[in-house]
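entry_22.cif follows; it contains mmCIF, C-alpha atoms (C1' of nucleotides).
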```
data_my_file
#
loop_
_atom_site.group_PDB
_atom_site.id
_atom_site.type_symbol
_atom_site.label_atom_id
_atom_site.label_comp_id
_atom_site.auth_asym_id
_atom_site.auth_seq_id
_atom_site.Cartn_x
_atom_site.Cartn_y
_atom_site.Cartn_z
ATOM 1 C CA MET A 1 -4.155 23.077 16.189
ATOM 2 C CA GLU A 2 -4.913 22.598 12.571
ATOM 3 C CA ALA A 3 -1.585 20.872 12.040
ATOM 4 C CA GLU A 4 -3.307 17.780 13.341
ATOM 5 C CA SER A 5 -5.804 17.562 10.547
ATOM 6 C CA ALA A 6 -3.086 18.272 8.019
ATOM 7 C CA LEU A 7 -1.179 15.368 9.483
ATOM 8 C CA VAL A 8 -4.158 13.085 9.173
ATOM 9 C CA GLY A 9 -4.743 14.315 5.652
ATOM 10 C CA ARG A 10 -1.204 13.495 4.659
ATOM 11 C CA TRP A 11 -1.544 10.076 6.178
ATOM 12 C CA ARG A 12 -4.766 9.341 4.358
ATOM 13 C CA LYS A 13 -3.286 10.404 1.081
ATOM 14 C CA LEU A 14 -0.204 8.291 1.662
ATOM 15 C CA ALA A 15 -2.309 5.255 2.541
ATOM 16 C CA SER A 16 -4.556 5.767 -0.425
ATOM 17 C CA CYS A 17 -1.652 6.092 -2.863
ATOM 18 C CA TYR A 18 0.098 3.085 -1.460
ATOM 19 C CA ASN A 19 -2.962 0.875 -1.473
ATOM 20 C CA THR A 20 -3.931 1.837 -4.985
ATOM 21 C CA VAL A 21 -0.534 0.990 -6.385
ATOM 22 C CA ALA A 22 0.022 -2.082 -4.222
ATOM 23 C CA CYS A 23 -3.330 -3.527 -5.148
ATOM 24 C CA ALA A 24 -2.796 -2.903 -8.856
ATOM 25 C CA LEU A 25 0.693 -4.375 -8.684
ATOM 26 C CA GLU A 26 -0.455 -7.444 -6.816
ATOM 27 C CA ARG A 27 -3.139 -8.191 -9.345
ATOM 28 C CA ALA A 28 -1.091 -7.466 -12.428
ATOM 29 C CA LEU A 29 1.926 -9.468 -11.303
ATOM 30 C CA GLN A 30 -0.196 -12.384 -10.198
ATOM 31 C CA ASP A 31 -2.277 -12.459 -13.361
ATOM 32 C CA ALA A 32 0.540 -11.987 -15.840
ATOM 33 C CA HIS A 33 3.387 -13.853 -14.173
ATOM 34 C CA GLY A 34 2.044 -15.867 -11.246
ATOM 35 C CA VAL A 35 4.106 -14.111 -8.605
ATOM 36 C CA SER A 36 2.975 -12.023 -5.681
ATOM 37 C CA MET A 37 4.252 -8.542 -5.036
ATOM 38 C CA SER A 38 6.487 -9.747 -2.204
ATOM 39 C CA GLU A 39 7.895 -12.425 -4.445
ATOM 40 C CA TYR A 40 8.609 -9.964 -7.202
ATOM 41 C CA GLU A 41 10.193 -7.475 -4.844
ATOM 42 C CA THR A 42 12.374 -10.217 -3.440
ATOM 43 C CA LEU A 43 13.563 -11.236 -6.900
ATOM 44 C CA ASP A 44 14.126 -7.564 -7.618
ATOM 45 C CA ARG A 45 16.402 -7.174 -4.614
ATOM 46 C CA LEU A 46 18.322 -10.285 -5.578
ATOM 47 C CA VAL A 47 18.955 -8.822 -9.021
ATOM 48 C CA ASP A 48 19.726 -5.366 -7.678
ATOM 49 C CA LEU A 49 22.236 -6.408 -5.054
ATOM 50 C CA ASP A 50 23.909 -8.449 -7.702
ATOM 51 C CA CYS A 51 26.668 -10.572 -6.306
ATOM 52 C CA GLU A 52 25.695 -14.193 -6.617
ATOM 53 C CA LYS A 53 24.393 -15.110 -3.166
ATOM 54 C CA HIS A 54 22.806 -13.230 -0.310
ATOM 55 C CA ARG A 55 22.009 -13.812 3.306
ATOM 56 C CA MET A 56 18.383 -13.656 4.322
ATOM 57 C CA GLN A 57 19.146 -10.676 6.489
ATOM 58 C CA GLU A 58 20.620 -8.589 3.712
ATOM 59 C CA ILE A 59 17.516 -9.140 1.666
ATOM 60 C CA ALA A 60 15.211 -8.371 4.563
ATOM 61 C CA ALA A 61 17.129 -5.179 5.268
ATOM 62 C CA ALA A 62 16.762 -4.009 1.675
ATOM 63 C CA MET A 63 12.983 -4.307 1.666
ATOM 64 C CA TYR A 64 10.086 -4.024 4.021
ATOM 65 C CA LEU A 65 9.378 -7.622 4.943
ATOM 66 C CA SER A 66 9.611 -9.232 8.335
ATOM 67 C CA GLN A 67 11.935 -12.097 8.992
ATOM 68 C CA SER A 68 9.218 -14.729 9.000
ATOM 69 C CA ALA A 69 7.500 -13.309 5.941
ATOM 70 C CA LEU A 70 10.761 -13.328 4.028
ATOM 71 C CA SER A 71 11.490 -16.892 5.083
ATOM 72 C CA ARG A 72 8.157 -18.020 3.660
ATOM 73 C CA THR A 73 8.461 -15.883 0.561
ATOM 74 C CA VAL A 74 11.824 -17.421 -0.229
ATOM 75 C CA ALA A 75 10.330 -20.858 0.390
ATOM 76 C CA ARG A 76 7.608 -20.088 -2.163
ATOM 77 C CA LEU A 77 10.140 -18.792 -4.667
ATOM 78 C CA GLU A 78 12.188 -21.921 -4.174
ATOM 79 C CA LYS A 79 9.111 -24.054 -4.800
ATOM 80 C CA HIS A 80 8.583 -22.169 -8.053
ATOM 81 C CA GLY A 81 12.216 -22.833 -8.951
ATOM 82 C CA TYR A 82 13.135 -19.149 -8.975
ATOM 83 C CA VAL A 83 15.722 -19.269 -6.214
ATOM 84 C CA GLN A 84 17.877 -21.833 -4.486
ATOM 85 C CA ARG A 85 18.772 -21.920 -0.833
ATOM 86 C CA GLY A 86 22.160 -23.070 0.286
ATOM 87 C CA LEU A 87 24.029 -23.280 3.544
ATOM 88 C CA CYS A 88 26.551 -20.629 4.372
ATOM 89 C CA GLU A 89 29.788 -22.379 5.156
ATOM 90 C CA ALA A 90 31.356 -19.555 7.105
ATOM 91 C CA ASP A 91 28.420 -19.242 9.505
ATOM 92 C CA ARG A 92 26.304 -22.318 9.321
ATOM 93 C CA ARG A 93 23.303 -20.639 10.909
ATOM 94 C CA GLY A 94 23.036 -18.496 7.819
ATOM 95 C CA VAL A 95 21.335 -19.279 4.565
ATOM 96 C CA PHE A 96 22.415 -18.078 1.171
ATOM 97 C CA VAL A 97 19.794 -17.325 -1.414
ATOM 98 C CA LYS A 98 20.707 -17.471 -5.082
ATOM 99 C CA ILE A 99 18.482 -16.550 -7.972
ATOM 100 C CA THR A 100 18.203 -19.146 -10.731
ATOM 101 C CA ASP A 101 18.027 -18.612 -14.469
ATOM 102 C CA ALA A 102 14.303 -19.203 -14.364
ATOM 103 C CA GLY A 103 14.134 -16.604 -11.623
ATOM 104 C CA ARG A 104 16.006 -14.080 -13.742
ATOM 105 C CA ARG A 105 13.759 -14.773 -16.659
ATOM 106 C CA CYS A 106 10.622 -14.352 -14.572
ATOM 107 C CA HIS A 107 11.975 -11.179 -13.066
ATOM 108 C CA SER A 108 12.886 -9.587 -16.361
ATOM 109 C CA GLU A 109 9.460 -10.366 -17.777
ATOM 110 C CA ALA A 110 7.634 -9.185 -14.688
ATOM 111 C CA ARG A 111 9.731 -6.033 -14.593
ATOM 112 C CA GLU A 112 7.881 -4.675 -17.589
ATOM 113 C CA THR A 113 4.534 -5.247 -15.973
ATOM 114 C CA HIS A 114 5.853 -3.672 -12.810
ATOM 115 C CA LEU A 115 7.034 -0.535 -14.579
ATOM 116 C CA LYS A 116 3.842 -0.257 -16.568
ATOM 117 C CA VAL A 117 1.700 -0.420 -13.452
ATOM 118 C CA LEU A 118 3.881 2.131 -11.678
ATOM 119 C CA ALA A 119 3.696 4.497 -14.622
ATOM 120 C CA GLU A 120 -0.058 4.122 -14.712
ATOM 121 C CA HIS A 121 -0.895 4.322 -11.035
ATOM 122 C CA LEU A 122 1.899 6.116 -9.249
ATOM 123 C CA ASP A 123 0.830 9.680 -9.023
ATOM 124 C CA SER A 124 3.756 11.884 -9.988
ATOM 125 C CA THR A 125 2.607 14.892 -7.999
ATOM 126 C CA PRO A 126 3.055 14.368 -4.295
ATOM 127 C CA MET B 127 15.402 5.825 -19.886
ATOM 128 C CA GLU B 128 16.369 6.780 -16.419
ATOM 129 C CA ALA B 129 12.816 7.836 -15.630
ATOM 130 C CA GLU B 130 12.197 4.160 -14.953
ATOM 131 C CA SER B 131 14.569 3.930 -12.065
ATOM 132 C CA ALA B 132 13.223 7.186 -10.688
ATOM 133 C CA LEU B 133 9.770 5.656 -10.814
ATOM 134 C CA VAL B 134 10.926 2.581 -8.945
ATOM 135 C CA GLY B 135 12.706 4.777 -6.442
ATOM 136 C CA ARG B 136 9.564 6.749 -5.760
ATOM 137 C CA TRP B 137 7.611 3.534 -5.318
ATOM 138 C CA ARG B 138 10.112 2.077 -2.884
ATOM 139 C CA LYS B 139 10.095 5.229 -0.835
ATOM 140 C CA LEU B 140 6.308 5.313 -0.808
ATOM 141 C CA ALA B 141 6.133 1.687 0.275
ATOM 142 C CA SER B 142 8.737 2.190 2.935
ATOM 143 C CA CYS B 143 6.988 5.252 4.383
ATOM 144 C CA TYR B 144 3.626 3.588 4.354
ATOM 145 C CA ASN B 145 4.832 0.381 5.958
ATOM 146 C CA THR B 146 6.742 2.185 8.668
ATOM 147 C CA VAL B 147 3.755 4.242 9.711
ATOM 148 C CA ALA B 148 1.190 1.485 9.257
ATOM 149 C CA CYS B 149 3.205 -0.933 11.321
ATOM 150 C CA ALA B 150 3.726 1.602 14.110
ATOM 151 C CA LEU B 151 0.045 2.530 14.067
ATOM 152 C CA GLU B 152 -1.078 -1.076 14.165
ATOM 153 C CA ARG B 153 1.059 -1.876 17.155
ATOM 154 C CA ALA B 154 0.317 1.294 19.100
ATOM 155 C CA LEU B 155 -3.450 1.126 18.578
ATOM 156 C CA GLN B 156 -3.583 -2.548 19.402
ATOM 157 C CA ASP B 157 -1.435 -2.249 22.523
ATOM 158 C CA ALA B 158 -3.053 0.869 23.934
ATOM 159 C CA HIS B 159 -6.684 0.445 22.889
ATOM 160 C CA GLY B 160 -7.200 -3.075 21.615
ATOM 161 C CA VAL B 161 -8.290 -2.041 18.139
ATOM 162 C CA SER B 162 -6.635 -2.719 14.813
ATOM 163 C CA MET B 163 -5.782 0.019 12.352
ATOM 164 C CA SER B 164 -8.720 -0.917 10.113
ATOM 165 C CA GLU B 165 -11.034 -0.809 13.084
ATOM 166 C CA TYR B 166 -9.779 2.585 14.145
ATOM 167 C CA GLU B 167 -10.011 3.982 10.638
ATOM 168 C CA THR B 168 -13.551 2.703 10.365
ATOM 169 C CA LEU B 169 -14.547 4.387 13.618
ATOM 170 C CA ASP B 170 -12.790 7.493 12.375
ATOM 171 C CA ARG B 171 -14.885 7.580 9.202
ATOM 172 C CA LEU B 172 -18.049 7.062 11.196
ATOM 173 C CA VAL B 173 -17.182 10.078 13.340
ATOM 174 C CA ASP B 174 -16.034 12.139 10.378
ATOM 175 C CA LEU B 175 -19.073 11.589 8.191
ATOM 176 C CA ASP B 176 -21.180 12.458 11.163
ATOM 177 C CA CYS B 177 -24.842 11.924 10.483
ATOM 178 C CA GLU B 178 -26.074 9.131 12.671
ATOM 179 C CA LYS B 179 -26.083 6.114 10.389
ATOM 180 C CA HIS B 180 -24.186 5.039 7.316
ATOM 181 C CA ARG B 181 -24.446 2.434 4.638
ATOM 182 C CA MET B 182 -21.588 0.020 4.311
ATOM 183 C CA GLN B 183 -20.831 1.368 0.889
ATOM 184 C CA GLU B 184 -20.407 4.947 2.006
ATOM 185 C CA ILE B 185 -17.891 3.825 4.578
ATOM 186 C CA ALA B 186 -16.054 1.622 2.122
ATOM 187 C CA ALA B 187 -15.894 4.478 -0.355
ATOM 188 C CA ALA B 188 -14.375 6.810 2.228
ATOM 189 C CA MET B 189 -11.482 4.503 3.031
ATOM 190 C CA TYR B 190 -9.360 1.910 1.364
ATOM 191 C CA LEU B 191 -10.973 -1.327 2.471
ATOM 192 C CA SER B 192 -12.579 -3.940 0.292
ATOM 193 C CA GLN B 193 -16.209 -4.873 0.681
ATOM 194 C CA SER B 194 -15.489 -8.169 2.412
ATOM 195 C CA ALA B 195 -12.815 -6.681 4.646
ATOM 196 C CA LEU B 196 -15.189 -3.927 5.737
ATOM 197 C CA SER B 197 -17.934 -6.431 6.432
ATOM 198 C CA ARG B 198 -15.670 -8.359 8.760
ATOM 199 C CA THR B 199 -14.235 -5.231 10.348
ATOM 200 C CA VAL B 200 -17.714 -3.975 11.182
ATOM 201 C CA ALA B 201 -18.539 -7.420 12.567
ATOM 202 C CA ARG B 202 -15.528 -7.167 14.866
ATOM 203 C CA LEU B 203 -16.457 -3.647 15.934
ATOM 204 C CA GLU B 204 -19.974 -4.835 16.672
ATOM 205 C CA LYS B 205 -18.618 -7.671 18.776
ATOM 206 C CA HIS B 206 -16.605 -5.116 20.757
ATOM 207 C CA GLY B 207 -19.769 -3.069 21.190
ATOM 208 C CA TYR B 208 -18.398 -0.094 19.282
ATOM 209 C CA VAL B 209 -20.990 -0.055 16.510
ATOM 210 C CA GLN B 210 -24.458 -1.413 15.892
ATOM 211 C CA ARG B 211 -25.812 -2.751 12.648
ATOM 212 C CA GLY B 212 -29.390 -2.201 11.659
ATOM 213 C CA LEU B 213 -31.510 -2.926 8.659
ATOM 214 C CA CYS B 214 -32.212 -0.161 6.220
ATOM 215 C CA GLU B 215 -35.955 0.053 5.824
ATOM 216 C CA ALA B 216 -35.957 1.894 2.531
ATOM 217 C CA ASP B 217 -33.749 -0.647 0.818
ATOM 218 C CA ARG B 218 -33.704 -3.840 2.764
ATOM 219 C CA ARG B 219 -30.573 -5.088 1.097
ATOM 220 C CA GLY B 220 -28.682 -2.308 2.787
ATOM 221 C CA VAL B 221 -27.226 -2.194 6.284
ATOM 222 C CA PHE B 222 -26.871 0.876 8.437
ATOM 223 C CA VAL B 223 -23.922 1.158 10.746
ATOM 224 C CA LYS B 224 -24.166 3.368 13.790
ATOM 225 C CA ILE B 225 -21.387 4.167 16.231
ATOM 226 C CA THR B 226 -22.192 3.624 19.895
ATOM 227 C CA ASP B 227 -21.185 5.712 22.890
ATOM 228 C CA ALA B 228 -18.531 3.161 23.744
ATOM 229 C CA GLY B 229 -17.333 3.444 20.172
ATOM 230 C CA ARG B 230 -17.064 7.209 20.438
ATOM 231 C CA ARG B 231 -15.186 6.897 23.680
ATOM 232 C CA CYS B 232 -12.740 4.393 22.229
ATOM 233 C CA HIS B 233 -12.261 6.533 19.170
ATOM 234 C CA SER B 234 -11.551 9.711 21.064
ATOM 235 C CA GLU B 235 -9.017 7.957 23.261
ATOM 236 C CA ALA B 236 -7.353 6.202 20.362
ATOM 237 C CA ARG B 237 -7.252 9.430 18.398
ATOM 238 C CA GLU B 238 -4.501 10.750 20.621
ATOM 239 C CA THR B 239 -2.389 7.671 20.099
ATOM 240 C CA HIS B 240 -3.060 7.919 16.388
ATOM 241 C CA LEU B 241 -1.933 11.529 16.189
ATOM 242 C CA LYS B 242 1.098 10.880 18.318
ATOM 243 C CA VAL B 243 2.246 8.033 16.092
ATOM 244 C CA LEU B 244 1.682 10.090 12.958
ATOM 245 C CA ALA B 245 3.655 13.003 14.371
ATOM 246 C CA GLU B 246 6.466 10.659 15.271
ATOM 247 C CA HIS B 247 6.673 8.518 12.170
ATOM 248 C CA LEU B 248 5.173 10.445 9.289
ATOM 249 C CA ASP B 249 8.052 12.089 7.558
ATOM 250 C CA SER B 250 7.105 15.679 6.815
ATOM 251 C CA THR B 251 9.405 15.990 3.812
ATOM 252 C CA PRO B 252 8.079 14.050 0.877
ATOM 253 C "C1'" DC C 253 37.116 -25.491 28.180
ATOM 254 C "C1'" DA C 254 32.078 -25.766 29.850
ATOM 255 C "C1'" DG C 255 27.950 -23.415 29.936
ATOM 256 C "C1'" DA C 256 25.193 -19.284 29.275
ATOM 257 C "C1'" DA C 257 23.778 -15.855 26.100
ATOM 258 C "C1'" DT C 258 23.000 -14.410 21.514
ATOM 259 C "C1'" DT C 259 22.066 -14.807 16.689
ATOM 260 C "C1'" DT C 260 19.903 -16.961 12.438
ATOM 261 C "C1'" DA C 261 16.362 -18.905 10.185
ATOM 262 C "C1'" DA C 262 12.184 -22.017 10.326
ATOM 263 C "C1'" DT C 263 7.585 -22.983 11.998
ATOM 264 C "C1'" DG C 264 3.025 -23.479 14.740
ATOM 265 C "C1'" DC C 265 -0.706 -20.667 15.437
ATOM 266 C "C1'" DG C 266 -4.113 -17.155 15.196
ATOM 267 C "C1'" DG C 267 -5.843 -13.438 12.663
ATOM 268 C "C1'" DA C 268 -6.864 -10.421 8.513
ATOM 269 C "C1'" DT C 269 -7.462 -10.152 3.624
ATOM 270 C "C1'" DG C 270 -9.044 -10.973 -1.225
ATOM 271 C "C1'" DC C 271 -11.600 -13.725 -4.396
ATOM 272 C "C1'" DA C 272 -15.393 -16.197 -5.524
ATOM 273 C "C1'" DT C 273 -19.764 -17.435 -4.266
ATOM 274 C "C1'" DC C 274 -24.144 -17.214 -1.929
ATOM 275 C "C1'" DT C 275 -28.469 -15.148 -0.271
ATOM 276 C "C1'" DC C 276 -31.790 -11.806 -0.356
ATOM 277 C "C1'" DA C 277 -33.918 -7.665 -2.145
ATOM 278 C "C1'" DT C 278 -34.789 -4.524 -5.884
ATOM 279 C "C1'" DG C 279 -35.597 -3.076 -10.538
ATOM 280 C "C1'" DC C 280 -36.375 -3.608 -15.395
ATOM 281 C "C1'" DG C 281 -38.483 -5.408 -19.532
ATOM 282 C "C1'" DT C 282 -42.124 -7.945 -21.487
ATOM 283 C "C1'" DA D 283 -47.377 -10.590 -12.661
ATOM 284 C "C1'" DC D 284 -43.260 -13.219 -14.076
ATOM 285 C "C1'" DG D 285 -38.548 -13.873 -14.967
ATOM 286 C "C1'" DC D 286 -34.008 -12.425 -15.321
ATOM 287 C "C1'" DA D 287 -30.312 -9.175 -14.449
ATOM 288 C "C1'" DT D 288 -28.312 -6.349 -10.962
ATOM 289 C "C1'" DG D 289 -26.960 -4.687 -6.369
ATOM 290 C "C1'" DA D 290 -25.916 -5.120 -1.138
ATOM 291 C "C1'" DG D 291 -23.778 -7.450 2.124
ATOM 292 C "C1'" DA D 292 -22.197 -12.062 4.336
ATOM 293 C "C1'" DT D 293 -19.322 -16.101 4.160
ATOM 294 C "C1'" DG D 294 -16.239 -20.336 2.766
ATOM 295 C "C1'" DC D 295 -11.755 -20.920 1.359
ATOM 296 C "C1'" DA D 296 -7.076 -20.235 0.459
ATOM 297 C "C1'" DT D 297 -3.233 -17.291 1.285
ATOM 298 C "C1'" DC D 298 -0.191 -14.294 3.608
ATOM 299 C "C1'" DC D 299 1.346 -12.059 7.581
ATOM 300 C "C1'" DG D 300 3.107 -11.147 12.489
ATOM 301 C "C1'" DC D 301 4.155 -12.928 16.948
ATOM 302 C "C1'" DA D 302 6.085 -16.155 19.725
ATOM 303 C "C1'" DT D 303 8.643 -20.202 19.994
ATOM 304 C "C1'" DT D 304 12.025 -23.563 18.516
ATOM 305 C "C1'" DA D 305 16.383 -25.613 16.805
ATOM 306 C "C1'" DA D 306 20.895 -25.145 15.615
ATOM 307 C "C1'" DA D 307 25.229 -22.615 15.380
ATOM 308 C "C1'" DT D 308 28.214 -19.109 17.212
ATOM 309 C "C1'" DT D 309 30.088 -16.035 20.647
ATOM 310 C "C1'" DC D 310 30.866 -14.497 25.089
ATOM 311 C "C1'" DT D 311 32.262 -15.361 30.106
ATOM 312 C "C1'" DG D 312 33.970 -17.155 34.031
#
```
So that I can check it, write out the structure of this file as structure tokens.
Amino acid sequence: MEAESALVGRWRKLASCYNTVACALERALQDAHGVSMSEYETLDRLVDLDCEKHRMQEIAAAMYLSQSALSRTVARLEKHGYVQRGLCEADRRGVFVKITDAGRRCHSEARETHLKVLAEHLDSTP
Amino acid sequence: MEAESALVGRWRKLASCYNTVACALERALQDAHGVSMSEYETLDRLVDLDCEKHRMQEIAAAMYLSQSALSRTVARLEKHGYVQRGLCEADRRGVFVKITDAGRRCHSEARETHLKVLAEHLDSTP
DNA sequence: CAGAATTTAATGCGGATGCATCTCATGCGT
DNA sequence: ACGCATGAGATGCATCCGCATTAAATTCTG
């Protein structure tokens, strides 16, 4: 079977692409805006799914971040003043997350960096 | 520009693919063979670039792992008895890494798990 | 309705990573 | 030969993550 080595080759290429971009993104976002990639992606989802507030689960479902990682990421964002957490009245186990004005500002600034890094490092020929 | 959103879309898909496979690999390799993905990939490079011993740098260059991460990964592999480190006589700053028989055995067993996970989770249509 | 089971999010803990720094060893210029 | 810059790899530190557990609220069941 040579399909095996092709499989491994595809995997290596995928990993290499991902790591290159992720590493560049992490550094650029951190240096220019003080947010990690996870934090940026979280803000991005909050802006994308735009309807005021969101449950933790919705956010987690829209991105690749475990429940505990998201919980901590939101805690960090809240510490930075970029989001606010609030209780969900309908189901008081739930937590609503709401992006603040500062959060929107940070996101819109960081978005340019994000796009620039993607354009630079995301190989267009898969 | 709509090329921007296409770019972001490609990035999200890449990240999602990578994370799905990486997560599955990590769990499967750990559960079935007690090695992490980095450890397996390191063994894999040692088998691939087959010529007895290798400098840390050669290994690092062949995979996506930072210098410090590789140093610790090799330390873990050595603790498991899967590789041995030895001084390089020509340039005594350097370190040679050599895979042991136990390392080869572990690698060849884990290889099957690795391939199985890739076949299962690596989407063939990019 | 009381109690068990489930769901939601937070957290303690251990482990892996990256950055910066450190220690040696080598090489280069004078 | 001496001194300084450079290179290889190890390590302290802070951070982030995943797993397992916990606490609180809700839902299911008898």
Per-residue nearest contacts chain D to chain A, cut-off 12 Å, using only C-alpha atoms (C1' of nucleotides), as a Markdown table:
```
| residue | atom | partner | partner_atom | distance |
| --- | --- | --- | --- | --- |
| D:DT297 | C1' | A:Ser36 | CA | 10.7 |
| D:DC298 | C1' | A:Ala69 | CA | 8.1 |
| D:DC299 | C1' | A:Ala69 | CA | 6.5 |
| D:DG300 | C1' | A:Ser68 | CA | 7.9 |
| D:DC301 | C1' | A:Ser68 | CA | 9.6 |
| D:DA302 | C1' | A:Ser68 | CA | 11.3 |
| D:DA305 | C1' | A:Arg93 | CA | 10.4 |
| D:DA306 | C1' | A:Arg93 | CA | 6.9 |
| D:DA307 | C1' | A:Arg93 | CA | 5.3 |
| D:DT308 | C1' | A:Asp91 | CA | 7.7 |
| D:DT309 | C1' | A:Asp91 | CA | 11.7 |
```
Next on the checklist: Residues of chain C within 9 Å of chain B, counting all atoms listed in the file - could you list those as a list in words?
Outcome noted: DA268, DT269, DG270, DC276, DA277 and DT278 of chain C
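CA of Tyr144 (chain B) lies 22.1 Å from CA of Arg111 (chain A).
Between CA of Asn145 (chain B) and CA of Ala61 (chain A) there is a distance of 13.5 Å.
Minimum distance to chain B across A:Met56, A:Ala102, A:Cys88, A:Ala62 (counting all atoms listed in the file) occurs at A:Ala62.
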Next on the checklist: Residues of chain A within 12 Å of chain B, counting all atoms listed in the file, what are they? List them as a PyMOL selection string.
Outcome noted: chain A and resi 1+3-23+25+37-38+41+44-45+48+61-66+111-112+114-126
Take the PyMOL selection byres ((chain C and resi 282) around 12), apply it to the structure above, and return the hits as a short mmCIF file (atom, residue, chain, number, x, y, z; two decimals) with C-alpha atoms (C1' of nucleotides), in the frame of the given file.
```
data_model
loop_
_atom_site.label_atom_id
_atom_site.label_comp_id
_atom_site.auth_asym_id
_atom_site.auth_seq_id
_atom_site.Cartn_x
_atom_site.Cartn_y
_atom_site.Cartn_z
"C1'" DC C 280 -36.38 -3.61 -15.40
"C1'" DG C 281 -38.48 -5.41 -19.53
"C1'" DA D 283 -47.38 -10.59 -12.66
"C1'" DC D 284 -43.26 -13.22 -14.08
"C1'" DG D 285 -38.55 -13.87 -14.97
"C1'" DC D 286 -34.01 -12.42 -15.32
#
```
Next on the checklist: Using the chain letters and numbers from this file, what does the PyMOL selection byres ((chain C and resi 257) around 12) select? Give the answer as a PyMOL selection string.
Outcome noted: (chain C and resi 255-256+258-259) or (chain D and resi 308-311)
Translate the PyMOL selection byres ((chain D and resi 303) around 9), as applied to the file shown, into an explicit residue set as a PDB file with C-alpha atoms (C1' of nucleotides), in the frame of the given file.
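Saved the output as out29.pdb:
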```
ATOM      1  C1'  DT C 263       7.585 -22.983  11.998  1.00  0.00           C
ATOM      2  C1'  DG C 264       3.025 -23.479  14.740  1.00  0.00           C
TER       3       DG C 264
ATOM      4  C1'  DA D 302       6.085 -16.155  19.725  1.00  0.00           C
ATOM      5  C1'  DT D 304      12.025 -23.563  18.516  1.00  0.00           C
TER       6       DT D 304
END
```
Checklist entry - Quick one: distance from CA of Ala158 (chain B) to CA of Ile225 (chain B) in Å, one decimal? => result 20.2 Å
